[in-house]
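Coordinates from target_6.tsv are shown below (TSV, C-alpha atoms).
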chain	number	residue	atom	x	y	z
A	1080	MET	CA	-20.12	31.94	-53.10
A	1081	ASN	CA	-18.92	28.34	-52.90
A	1082	GLU	CA	-20.07	27.90	-49.31
A	1083	ASN	CA	-16.69	28.70	-47.80
A	1084	ALA	CA	-15.42	25.87	-49.99
A	1085	THR	CA	-11.96	27.22	-50.65
A	1086	LEU	CA	-11.26	27.79	-46.99
A	1087	GLU	CA	-12.90	24.58	-45.89
A	1088	LYS	CA	-10.80	22.51	-48.26
A	1089	GLU	CA	-7.62	24.30	-47.39
A	1090	ASN	CA	-8.07	23.62	-43.69
A	1091	ILE	CA	-10.70	20.98	-43.12
A	1092	GLY	CA	-9.71	20.45	-39.51
A	1093	ILE	CA	-9.15	17.28	-37.56
A	1094	ASN	CA	-12.84	16.52	-37.06
A	1095	ALA	CA	-13.51	15.82	-40.72
A	1096	ILE	CA	-14.98	12.44	-41.56
A	1097	PRO	CA	-13.79	11.25	-44.99
A	1098	LEU	CA	-16.27	8.91	-46.64
A	1099	VAL	CA	-16.06	7.01	-49.90
A	1100	SER	CA	-18.70	5.91	-52.34
A	1101	SER	CA	-19.43	2.30	-53.22
A	1102	GLY	CA	-17.52	2.79	-56.43
A	1103	GLN	CA	-14.33	3.48	-54.51
A	1104	HIS	CA	-14.32	0.70	-51.95
A	1105	LYS	CA	-11.95	-1.42	-53.95
A	1106	ASN	CA	-9.24	1.24	-53.69
A	1107	SER	CA	-9.82	2.33	-50.10
A	1108	SER	CA	-9.77	0.96	-46.62
A	1109	PRO	CA	-13.05	1.28	-44.70
A	1110	CYS	CA	-11.32	-0.19	-41.66
A	1111	GLY	CA	-8.65	2.49	-41.96
A	1112	ASN	CA	-11.27	5.23	-42.04
A	1113	ILE	CA	-13.01	3.78	-39.00
A	1114	LEU	CA	-9.68	3.58	-37.15
A	1115	LYS	CA	-8.87	7.22	-37.95
A	1116	LYS	CA	-12.31	8.30	-36.77
A	1117	TRP	CA	-11.87	6.35	-33.54
A	1118	ILE	CA	-8.41	7.80	-32.89
A	1119	LYS	CA	-9.70	11.34	-33.42
A	1120	LYS	CA	-12.35	10.76	-30.76
A	1121	MET	CA	-9.82	9.76	-28.13
A	1122	PRO	CA	-9.86	12.12	-25.11
A	1123	TYR	CA	-6.41	13.59	-25.62
A	1124	PHE	CA	-6.19	13.53	-29.40
A	1125	HIS	CA	-6.85	17.25	-29.85
A	1126	ALA	CA	-4.19	18.19	-27.33
A	1127	ILE	CA	-1.64	15.77	-28.80
A	1128	ASP	CA	-2.24	17.04	-32.32
A	1129	TYR	CA	-2.05	20.63	-31.09
A	1130	PHE	CA	1.39	20.14	-29.55
A	1131	ARG	CA	2.58	18.11	-32.53
A	1132	ARG	CA	1.79	21.04	-34.82
A	1133	LYS	CA	3.24	23.53	-32.36
A	1134	ILE	CA	6.59	21.73	-32.43
A	1135	TYR	CA	6.62	20.83	-36.13
A	1136	ASP	CA	5.81	24.40	-37.18
A	1137	THR	CA	8.80	25.89	-35.36
A	1138	SER	CA	11.79	27.09	-37.37
A	1139	LEU	CA	13.67	23.92	-36.36
A	1140	PHE	CA	11.99	22.04	-39.20
A	1141	ASP	CA	12.05	24.75	-41.88
A	1142	SER	CA	15.01	23.19	-43.66
A	1143	SER	CA	12.83	20.22	-44.63
A	1144	ILE	CA	10.45	22.40	-46.67
A	1145	GLN	CA	12.67	25.24	-47.90
A	1146	PRO	CA	13.95	23.44	-51.05
A	1147	LEU	CA	10.38	22.74	-52.23
A	1148	ALA	CA	9.31	26.30	-51.38
A	1149	LYS	CA	12.20	27.68	-53.44
A	1150	THR	CA	11.16	25.53	-56.39
A	1151	LEU	CA	7.54	26.72	-56.15
A	1152	GLU	CA	8.69	30.35	-56.10
A	1153	GLU	CA	9.79	29.92	-59.72
A	1154	TRP	CA	6.28	29.39	-61.10
A	1155	PRO	CA	2.79	28.98	-59.58
A	1156	GLY	CA	1.87	25.31	-59.61
A	1157	ALA	CA	-1.79	26.31	-59.65
A	1158	LEU	CA	-3.99	29.24	-60.62
A	1159	LEU	CA	-7.23	29.94	-58.76
A	1160	ILE	CA	-9.25	32.07	-61.14
A	1161	ASP	CA	-12.29	33.83	-59.77
A	1162	THR	CA	-13.90	34.60	-63.12
A	1163	THR	CA	-16.85	36.05	-61.21
A	1164	ASN	CA	-17.46	36.80	-57.55
A	1165	ARG	CA	-21.22	36.83	-58.00
A	1166	CYS	CA	-23.14	34.14	-56.15
A	1167	ASN	CA	-26.75	33.04	-56.11
A	1168	ALA	CA	-26.51	31.50	-52.64
A	1169	LYS	CA	-26.62	33.60	-49.48
A	1170	CYS	CA	-25.06	31.20	-47.04
A	1171	VAL	CA	-25.32	32.26	-43.42
A	1172	TRP	CA	-21.59	31.62	-42.82
A	1173	CYS	CA	-20.34	33.54	-45.86
A	1174	PRO	CA	-19.64	37.30	-46.19
A	1175	ASN	CA	-20.08	37.26	-49.99
A	1176	PRO	CA	-23.39	39.23	-49.80
A	1177	ASP	CA	-21.40	42.16	-48.37
A	1178	LEU	CA	-19.26	42.50	-51.51
A	1179	THR	CA	-19.58	45.77	-53.42
A	1180	ASN	CA	-16.88	45.29	-56.06
A	1181	VAL	CA	-18.78	42.66	-58.04
A	1182	GLY	CA	-18.27	41.62	-61.64
A	1183	ALA	CA	-17.03	39.06	-64.16
A	1184	MET	CA	-13.69	38.72	-65.94
A	1185	ASP	CA	-13.38	40.17	-69.41
A	1186	MET	CA	-12.79	37.42	-71.98
A	1187	VAL	CA	-9.84	39.25	-73.53
A	1188	LEU	CA	-8.14	39.41	-70.14
A	1189	TYR	CA	-8.95	35.76	-69.50
A	1190	ARG	CA	-7.29	34.69	-72.76
A	1191	LYS	CA	-4.24	36.81	-71.93
A	1192	ILE	CA	-3.87	35.02	-68.60
A	1193	ILE	CA	-4.31	31.55	-70.09
A	1194	ASP	CA	-1.95	32.31	-72.99
A	1195	ASP	CA	0.63	33.29	-70.39
A	1196	TYR	CA	0.08	30.29	-68.12
A	1197	GLY	CA	-0.57	27.64	-70.76
A	1198	PRO	CA	2.89	27.07	-72.30
A	1199	ARG	CA	4.38	26.11	-68.94
A	1200	GLY	CA	1.12	25.03	-67.35
A	1201	GLY	CA	0.04	23.51	-64.08
A	1202	VAL	CA	-3.31	23.21	-62.34
A	1203	LEU	CA	-6.21	25.55	-63.01
A	1204	THR	CA	-9.22	25.93	-60.72
A	1205	PHE	CA	-12.37	27.94	-61.42
A	1206	GLY	CA	-14.09	29.45	-58.41
A	1207	THR	CA	-12.79	31.03	-55.26
A	1208	PHE	CA	-15.05	33.82	-54.00
A	1209	GLY	CA	-18.06	33.35	-56.29
A	1210	GLU	CA	-20.07	30.75	-58.18
A	1211	PRO	CA	-18.23	30.12	-61.48
A	1212	LEU	CA	-21.26	28.60	-63.21
A	1213	MET	CA	-22.96	32.01	-63.01
A	1214	ASP	CA	-20.33	33.22	-65.48
A	1215	LYS	CA	-21.95	33.44	-68.93
A	1216	HIS	CA	-18.55	32.76	-70.55
A	1217	ILE	CA	-17.72	29.66	-68.51
A	1218	LYS	CA	-18.28	27.28	-71.43
A	1219	ALA	CA	-15.92	29.27	-73.66
A	1220	ARG	CA	-13.39	29.58	-70.85
A	1221	ILE	CA	-13.29	25.84	-70.23
A	1222	GLU	CA	-12.99	25.03	-73.94
A	1223	TYR	CA	-10.17	27.57	-74.40
A	1224	LEU	CA	-8.00	25.50	-72.07
A	1225	GLN	CA	-7.81	22.72	-74.66
A	1226	ARG	CA	-5.19	24.79	-76.47
A	1227	TYR	CA	-2.75	24.07	-73.66
A	1228	PRO	CA	-2.20	20.40	-72.71
A	1229	LYS	CA	0.31	21.48	-70.07
A	1230	ILE	CA	-2.61	22.78	-68.07
A	1231	HIS	CA	-2.86	19.17	-67.01
A	1232	LYS	CA	-5.50	19.44	-64.32
A	1233	LYS	CA	-8.72	21.45	-64.40
A	1234	GLU	CA	-11.15	21.87	-61.51
A	1235	LEU	CA	-14.36	23.69	-60.79
A	1236	LEU	CA	-15.87	24.61	-57.42
A	1237	THR	CA	-19.64	24.92	-57.40
A	1238	ASN	CA	-22.66	24.97	-55.14
A	1239	GLY	CA	-24.49	22.84	-57.70
A	1240	PHE	CA	-27.39	25.17	-58.52
A	1241	PHE	CA	-26.28	25.75	-62.12
A	1242	LEU	CA	-24.74	22.29	-62.61
A	1243	ASN	CA	-27.38	21.41	-65.18
A	1244	GLU	CA	-27.63	19.52	-68.48
A	1245	ASN	CA	-26.41	22.56	-70.42
A	1246	ILE	CA	-23.00	22.68	-68.75
A	1247	ILE	CA	-22.46	19.04	-67.72
A	1248	PRO	CA	-21.42	17.86	-71.22
A	1249	VAL	CA	-18.86	20.70	-71.41
A	1250	ILE	CA	-17.41	19.67	-68.05
A	1251	LEU	CA	-17.22	15.99	-69.00
A	1252	ASP	CA	-15.91	16.53	-72.53
A	1253	ASN	CA	-13.11	18.73	-71.22
A	1254	GLY	CA	-12.15	16.60	-68.23
A	1255	VAL	CA	-12.92	19.16	-65.54
A	1256	GLY	CA	-13.02	17.77	-62.01
A	1257	VAL	CA	-15.98	18.98	-59.96
A	1258	ASP	CA	-15.93	19.83	-56.27
A	1259	ILE	CA	-19.42	20.46	-54.91
A	1260	SER	CA	-20.18	22.37	-51.72
A	1261	LEU	CA	-23.48	20.70	-50.98
A	1262	ASP	CA	-23.62	21.04	-47.21
A	1263	GLU	CA	-27.06	20.33	-45.73
A	1264	LEU	CA	-29.02	17.32	-47.04
A	1265	ASP	CA	-32.26	18.13	-45.26
A	1266	LYS	CA	-34.46	20.32	-47.49
A	1267	LYS	CA	-35.65	22.73	-44.82
A	1268	THR	CA	-32.25	23.18	-43.21
A	1269	PHE	CA	-30.59	23.54	-46.61
A	1270	GLU	CA	-32.94	26.32	-47.70
A	1271	ASP	CA	-32.73	28.05	-44.32
A	1272	VAL	CA	-28.94	28.31	-44.35
A	1273	LYS	CA	-28.20	28.61	-48.08
A	1274	LYS	CA	-31.23	30.58	-49.31
A	1275	MET	CA	-31.67	28.65	-52.56
A	1276	SER	CA	-33.73	25.76	-53.86
A	1277	PHE	CA	-32.80	22.35	-52.49
A	1278	ASP	CA	-34.75	20.53	-55.20
A	1279	VAL	CA	-32.81	22.20	-58.01
A	1280	VAL	CA	-29.46	21.37	-56.42
A	1281	ARG	CA	-30.49	17.82	-55.56
A	1282	ASN	CA	-31.72	17.06	-59.08
A	1283	ASN	CA	-28.64	18.63	-60.68
A	1284	ILE	CA	-26.26	16.57	-58.56
A	1285	VAL	CA	-28.10	13.32	-59.23
A	1286	THR	CA	-28.16	14.06	-62.98
A	1287	PHE	CA	-24.47	14.98	-62.98
A	1288	LEU	CA	-23.42	11.84	-61.11
A	1289	GLU	CA	-25.45	9.67	-63.48
A	1290	MET	CA	-24.02	11.33	-66.60
A	1291	ASN	CA	-20.52	11.13	-65.18
A	1292	SER	CA	-20.94	7.41	-64.49
A	1293	GLN	CA	-21.92	6.88	-68.13
A	1294	ALA	CA	-19.18	9.07	-69.64
A	1295	LYS	CA	-16.36	7.50	-71.69
A	1296	GLN	CA	-13.93	9.13	-69.30
A	1297	SER	CA	-15.43	10.12	-65.96
A	1298	VAL	CA	-14.09	13.10	-64.04
A	1299	PRO	CA	-13.13	13.16	-60.35
A	1300	VAL	CA	-15.94	14.34	-58.09
A	1301	ASN	CA	-15.84	15.42	-54.49
A	1302	ILE	CA	-18.86	16.41	-52.42
A	1303	ARG	CA	-18.53	18.37	-49.21
A	1304	ILE	CA	-21.20	18.27	-46.55
A	1305	LYS	CA	-21.07	20.84	-43.77
A	1306	THR	CA	-24.07	20.27	-41.54
A	1307	MET	CA	-25.74	21.69	-38.46
A	1308	LYS	CA	-27.15	18.23	-37.82
A	1309	THR	CA	-25.30	15.18	-36.55
A	1310	VAL	CA	-23.36	12.93	-38.89
A	1311	GLU	CA	-25.75	10.09	-38.11
A	1312	GLU	CA	-28.81	12.20	-39.01
A	1313	THR	CA	-27.23	13.33	-42.25
A	1314	MET	CA	-26.22	9.84	-43.32
A	1315	LYS	CA	-29.87	8.77	-43.07
A	1316	GLN	CA	-30.97	11.34	-45.66
A	1317	GLU	CA	-32.17	10.08	-49.05
A	1318	LEU	CA	-29.70	12.23	-50.99
A	1319	PHE	CA	-26.75	10.89	-48.99
A	1320	LYS	CA	-27.67	7.35	-49.96
A	1321	ILE	CA	-27.91	8.34	-53.62
A	1322	ILE	CA	-24.57	10.16	-53.61
A	1323	THR	CA	-22.70	7.28	-52.02
A	1324	SER	CA	-24.01	4.86	-54.62
A	1325	TYR	CA	-21.81	6.63	-57.21
A	1326	ASP	CA	-18.06	6.88	-57.65
A	1327	CYS	CA	-17.29	10.08	-55.80
A	1328	SER	CA	-15.60	11.06	-52.57
A	1329	VAL	CA	-17.53	12.64	-49.72
A	1330	VAL	CA	-16.19	14.69	-46.83
A	1331	MET	CA	-18.58	15.39	-43.99
A	1332	ASN	CA	-18.27	17.77	-41.06
A	1333	THR	CA	-20.63	18.90	-38.36
A	1334	ILE	CA	-20.51	22.68	-38.06
A	1335	ASP	CA	-18.44	23.87	-35.13
A	1336	ASP	CA	-15.59	26.22	-34.30
A	1337	ASN	CA	-13.12	23.95	-36.06
A	1338	ILE	CA	-14.98	24.01	-39.39
A	1339	ILE	CA	-16.46	27.46	-39.94
A	1340	SER	CA	-13.80	29.93	-41.10
A	1341	ASN	CA	-13.73	33.61	-40.23
A	1342	TRP	CA	-12.62	34.81	-43.69
A	1343	ALA	CA	-9.59	36.61	-42.25
A	1344	GLY	CA	-11.74	38.28	-39.61
A	1345	LYS	CA	-14.65	39.22	-41.89
A	1346	LEU	CA	-17.04	36.78	-40.21
A	1347	ASP	CA	-17.87	37.21	-36.53
A	1348	LYS	CA	-17.93	33.57	-35.51
A	1349	GLU	CA	-19.07	34.22	-31.95
A	1350	SER	CA	-22.17	36.05	-33.18
A	1351	PHE	CA	-22.72	33.34	-35.78
A	1352	PHE	CA	-22.78	30.58	-33.16
A	1353	GLN	CA	-25.08	32.55	-30.89
A	1354	GLU	CA	-27.53	33.44	-33.65
A	1355	HIS	CA	-27.80	29.88	-34.93
A	1356	GLU	CA	-27.63	28.26	-31.49
A	1357	ILE	CA	-24.73	26.02	-32.43
A	1358	SER	CA	-23.09	24.02	-29.68
A	1359	LYS	CA	-19.65	25.20	-28.63
A	1360	THR	CA	-18.60	21.97	-26.93
A	1361	SER	CA	-15.73	21.51	-29.40
A	1362	LYS	CA	-14.32	24.97	-28.73
A	1363	THR	CA	-11.18	24.45	-26.72
A	1364	GLN	CA	-7.72	25.96	-26.82
A	1365	PHE	CA	-6.65	22.94	-28.86
A	1366	THR	CA	-8.91	23.34	-31.91
A	1367	HIS	CA	-7.22	23.42	-35.29
A	1368	LYS	CA	-8.43	26.88	-36.24
A	1369	ARG	CA	-7.57	28.47	-32.90
A	1370	PHE	CA	-4.01	27.29	-33.37
A	1371	ASN	CA	-4.05	28.74	-36.88
A	1372	GLN	CA	-4.84	32.17	-35.46
A	1373	THR	CA	-1.65	32.13	-33.39
A	1374	ASN	CA	0.69	30.11	-35.61
A	1375	ILE	CA	3.61	32.20	-36.90
A	1376	ALA	CA	5.05	29.61	-39.29
A	1377	PRO	CA	5.14	30.66	-42.98
A	1378	CYS	CA	1.71	30.18	-44.59
A	1379	THR	CA	1.30	27.65	-47.38
A	1380	GLN	CA	-0.83	30.07	-49.42
A	1381	LEU	CA	2.09	32.19	-50.63
A	1382	TRP	CA	3.70	29.22	-52.35
A	1383	LYS	CA	0.80	26.92	-53.14
A	1384	TRP	CA	-1.07	28.93	-55.80
A	1385	MET	CA	-1.79	32.28	-57.39
A	1386	VAL	CA	-5.23	33.69	-56.61
A	1387	ILE	CA	-6.71	35.86	-59.35
A	1388	TYR	CA	-9.64	38.20	-58.73
A	1389	TRP	CA	-12.28	38.72	-61.43
A	1390	ASP	CA	-10.82	42.12	-62.39
A	1391	GLY	CA	-7.35	40.68	-63.05
A	1392	SER	CA	-5.79	41.74	-59.77
A	1393	VAL	CA	-3.79	39.11	-57.93
A	1394	VAL	CA	-4.60	38.91	-54.23
A	1395	LEU	CA	-2.47	37.44	-51.50
A	1396	CYS	CA	-4.54	34.33	-50.83
A	1397	CYS	CA	-7.90	32.58	-51.03
A	1398	ALA	CA	-9.09	34.25	-47.81
A	1399	ASP	CA	-8.93	37.70	-49.41
A	1400	MET	CA	-12.53	37.87	-50.65
A	1401	PHE	CA	-12.56	41.66	-50.42
A	1402	SER	CA	-9.22	42.07	-52.26
A	1403	GLN	CA	-7.58	43.90	-49.39
A	1404	THR	CA	-4.03	42.83	-50.25
A	1405	ILE	CA	-3.30	43.16	-53.96
A	1406	VAL	CA	0.16	42.00	-55.05
A	1407	GLY	CA	-0.15	42.70	-58.80
A	1408	ASP	CA	-2.39	43.22	-61.81
A	1409	LEU	CA	-2.46	40.77	-64.72
A	1410	LYS	CA	-3.91	43.41	-67.02
A	1411	SER	CA	-0.48	45.02	-67.12
A	1412	ASN	CA	1.93	42.39	-65.81
A	1413	SER	CA	2.75	38.77	-66.56
A	1414	ILE	CA	2.26	35.87	-64.17
A	1415	SER	CA	6.01	35.54	-63.68
A	1416	GLU	CA	6.46	39.27	-63.02
A	1417	ILE	CA	3.93	39.12	-60.20
A	1418	TRP	CA	4.80	35.69	-58.79
A	1419	ASN	CA	8.49	36.62	-58.66
A	1420	GLY	CA	7.87	40.32	-58.10
A	1421	PRO	CA	8.80	42.56	-55.18
A	1422	ASN	CA	5.41	42.37	-53.47
A	1423	MET	CA	5.29	38.58	-53.30
A	1424	LYS	CA	8.94	38.40	-52.31
A	1425	SER	CA	8.36	40.89	-49.52
A	1426	TYR	CA	5.38	38.96	-48.12
A	1427	ARG	CA	7.25	35.66	-48.36
A	1428	ASN	CA	10.23	37.17	-46.55
A	1429	GLN	CA	7.91	38.39	-43.81
A	1430	MET	CA	6.46	34.92	-43.47
A	1431	VAL	CA	9.84	33.20	-43.41
A	1432	GLY	CA	10.93	35.74	-40.79
A	1433	ARG	CA	7.86	34.77	-38.77
A	1434	LYS	CA	6.39	38.26	-39.01
A	1435	ARG	CA	2.94	37.12	-40.04
A	1436	PHE	CA	1.18	39.61	-37.78
A	1437	GLU	CA	2.75	42.52	-39.63
A	1438	VAL	CA	0.52	41.61	-42.59
A	1439	PRO	CA	-2.93	43.11	-41.86
A	1440	LEU	CA	-4.86	40.42	-43.77
A	1441	CYS	CA	-3.16	37.68	-41.77
A	1442	GLN	CA	-3.65	39.10	-38.28
A	1443	ASP	CA	-6.90	37.26	-37.49
A	1444	CYS	CA	-6.92	34.51	-40.13
A	1445	ASP	CA	-7.94	31.04	-38.97
A	1446	ILE	CA	-6.92	29.17	-42.12
A	1447	HIS	CA	-3.26	30.11	-41.73
A	1448	LEU	CA	-1.72	26.74	-42.51
A	1449	SER	CA	2.00	26.04	-42.23
A	1450	TRP	CA	4.08	25.76	-45.41
A	1451	HIS	CA	4.92	22.19	-44.39
A	1452	ASN	CA	1.54	21.32	-45.90
A	1453	LEU	CA	2.97	22.06	-49.37
A	1454	LYS	CA	4.22	18.47	-49.31
A	1455	GLU	CA	0.59	17.34	-49.34
A	1456	TYR	CA	0.16	18.85	-52.80
A	1457	TYR	CA	3.55	18.88	-54.54
A	1458	ASP	CA	6.40	16.41	-54.87
A	1459	LYS	CA	10.00	17.45	-54.28
A	1460	ASN	CA	10.26	18.71	-57.87
A	1461	GLY	CA	7.31	21.05	-57.44
A	1462	THR	CA	4.98	18.88	-59.54
A	1463	PHE	CA	1.41	18.41	-58.39
A	1464	ARG	CA	1.09	14.98	-56.80
A	1465	ARG	CA	-0.80	12.51	-58.96
A	1466	ASP	CA	-2.33	10.79	-55.96
A	1467	ARG	CA	-4.35	13.91	-55.10
A	1468	LYS	CA	-7.73	14.37	-56.76
A	1469	PHE	CA	-7.94	18.13	-56.17
A	1470	ILE	CA	-5.50	20.95	-55.48
A	1471	MET	CA	-8.23	22.20	-53.12
A	1472	GLY	CA	-8.62	18.82	-51.44
Could the structure of this file be written out as structure tokens, please?
Amino acid sequence: MNENATLEKENIGINAIPLVSSGQHKNSSPCGNILKKWIKKMPYFHAIDYFRRKIYDTSLFDSSIQPLAKTLEEWPGALLIDTTNRCNAKCVWCPNPDLTNVGAMDMVLYRKIIDDYGPRGGVLTFGTFGEPLMDKHIKARIEYLQRYPKIHKKELLTNGFFLNENIIPVILDNGVGVDISLDELDKKTFEDVKKMSFDVVRNNIVTFLEMNSQAKQSVPVNIRIKTMKTVEETMKQELFKIITSYDCSVVMNTIDDNIISNWAGKLDKESFFQEHEISKTSKTQFTHKRFNQTNIAPCTQLWKWMVIYWDGSVVLCCADMFSQTIVGDLKSNSISEIWNGPNMKSYRNQMVGRKRFEVPLCQDCDIHLSWHNLKEYYDKNGTFRRDRKFIMG
């Protein structure tokens, strides 16, 4: 699985440290990043941000987001397609190894979905619950998208193990943005927590970044580092220095209660912290994810994108790794029939009525993010914002 990537990107938390490569300095503000980091370390920042969200997510401010939400109800601005939920990594914070309903999407079904989505289009992302580069049809799937220019943005989430010279040209030639869940940069720690070869991943990433830098049209790249070490220790690693010499964005987090997600209650975070002896100093009542577990504002997920399981079923959101809440089946229904269908309407009405806890999947979810965050991804017309590199970002 993509190292909790979907959930991590959806709700990175207020402790995230955004970094930029040397190739991006001309378009960014290092001083601004330093200022943000400093502000977030202020003694009362967590509490202030907590109460800001608590007020902003009340129904008093719903009118500011309702017009955009109504527009997004007409058509999904993005599809998250989990063409396979198989994964080679066995990350200690991910419940993917517990999956029993494992498989890969039939190519006929895949073409049906793309033929339905393509004429109107939007954003398409490969990878939600599994590693998309394990899919033997991924090359053909990517190339099939060329039939539909209105699918104007393509992304792929990967742990990097299969990001090799066989698939890199396909990614570059078809303009697919790549979001890499790299996490640990220390070889021993990496292999302890991810259960796969560090050397393979390291060499693949370096090769990819080099080929991307030489491409006629480079693709956007984001690398996420989620580490049990300190930020300072991680930044001293050889691979970190290599990565930041290329034109890519980097987001780094130290692992704590605000970063690790519970996959809608499927991961016992308390046991996880105890087993891996992770400090709990950041665990206060004001952490981002603790607020998410109690927030009753409508969740962004029901408007932001459509999440498609490998078997063609549409699940409620990107936290539903075990497909507990199925809202439709694309083998027998169209995208519009499901997106505008009775199941989705019912769940949206529950959310708008602030009845989140009546939805079993949502009862213990710590990535429940208010629908006000839709403005971070879409403009007032429901069009994906051009200033965002990734729909998952």
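Each of A:Phe1205, A:Tyr1129, A:Thr1237, A:Lys1169 was checked against Val1386 (chain A) using all atoms listed in the file; the smallest atom-to-atom distance is that of A:Phe1205.
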Take every atom of region 1157-1164 of chain A listed in the file, fit an axis-aligned box around them, add 8 Å per side, and give the centre and edge lengths in Å to one decimal as lines of an AutoDock Vina configuration file.
center_x = -9.6
center_y = 31.6
center_z = -60.3
size_x = 31.7
size_y = 26.5
size_z = 21.6
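Using only C-alpha atoms, the smallest distance between any of A:Phe1469, A:Phe1208, A:Phe1370, A:Tyr1227 and Arg1190 (chain A) comes from A:Tyr1227.
Of the residues listed (A:Val1280, A:Val1285, A:Ile1247, A:Ile1414), A:Ile1414 shows the shortest atom-to-atom separation from Asp1195 (chain A); distances use only C-alpha atoms.
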- Message: Give me, as a count of residues only, all polymer residues having an atom no more than 12 Å from Ser1425 (chain A), counting all atoms listed in the file and skipping those fewer than 4 positions away in the same chain.
- Response: 16
Restrict the output to region 1269-1283 of chain A and N, CA, C and O atoms, then write it as a CSV table (one decimal), in the first residue's frame.
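Contents of decode.csv, freshly written:
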chain,number,residue,atom,x,y,z
A,1269,PHE,N,14.3,2.2,7.3
A,1269,PHE,CA,13.4,2.0,6.2
A,1269,PHE,C,13.0,0.5,6.1
A,1269,PHE,O,11.8,0.2,6.0
A,1270,GLU,N,14.0,-0.4,6.1
A,1270,GLU,CA,13.7,-1.8,5.9
A,1270,GLU,C,13.0,-2.4,7.1
A,1270,GLU,O,12.2,-3.3,7.0
A,1271,ASP,N,13.2,-1.8,8.3
A,1271,ASP,CA,12.5,-2.3,9.5
A,1271,ASP,C,11.0,-2.0,9.4
A,1271,ASP,O,10.2,-2.8,9.8
A,1272,VAL,N,10.7,-0.8,9.0
A,1272,VAL,CA,9.3,-0.3,9.0
A,1272,VAL,C,8.5,-0.6,7.7
A,1272,VAL,O,7.3,-0.7,7.8
A,1273,LYS,N,9.2,-0.8,6.6
A,1273,LYS,CA,8.5,-1.0,5.3
A,1273,LYS,C,8.7,-2.4,4.7
A,1273,LYS,O,8.0,-2.7,3.8
A,1274,LYS,N,9.6,-3.1,5.3
A,1274,LYS,CA,9.8,-4.5,4.9
A,1274,LYS,C,10.0,-4.7,3.4
A,1274,LYS,O,9.5,-5.6,2.7
A,1275,MET,N,10.8,-3.8,2.8
A,1275,MET,CA,11.3,-3.9,1.4
A,1275,MET,C,12.6,-3.3,1.3
A,1275,MET,O,13.1,-2.6,2.2
A,1276,SER,N,13.3,-3.5,0.1
A,1276,SER,CA,14.6,-3.1,-0.1
A,1276,SER,C,14.8,-1.6,-0.2
A,1276,SER,O,14.2,-1.0,-1.1
A,1277,PHE,N,15.6,-1.0,0.6
A,1277,PHE,CA,15.9,0.4,0.5
A,1277,PHE,C,16.7,0.7,-0.7
A,1277,PHE,O,16.5,1.7,-1.4
A,1278,ASP,N,17.7,-0.1,-1.1
A,1278,ASP,CA,18.5,0.1,-2.2
A,1278,ASP,C,17.8,0.2,-3.5
A,1278,ASP,O,18.0,1.1,-4.4
A,1279,VAL,N,16.8,-0.7,-3.7
A,1279,VAL,CA,16.0,-0.7,-4.9
A,1279,VAL,C,15.2,0.6,-5.0
A,1279,VAL,O,15.2,1.3,-6.0
A,1280,VAL,N,14.6,1.0,-3.9
A,1280,VAL,CA,13.8,2.2,-3.9
A,1280,VAL,C,14.7,3.5,-4.1
A,1280,VAL,O,14.3,4.4,-4.9
A,1281,ARG,N,15.8,3.5,-3.4
A,1281,ARG,CA,16.7,4.6,-3.6
A,1281,ARG,C,17.2,4.8,-5.0
A,1281,ARG,O,17.1,5.9,-5.6
A,1282,ASN,N,17.6,3.7,-5.6
A,1282,ASN,CA,18.1,3.8,-7.0
A,1282,ASN,C,17.0,4.1,-8.0
A,1282,ASN,O,17.3,4.9,-8.9
A,1283,ASN,N,15.8,3.6,-7.8
A,1283,ASN,CA,14.7,4.0,-8.6
A,1283,ASN,C,14.4,5.5,-8.6
A,1283,ASN,O,14.2,6.1,-9.6
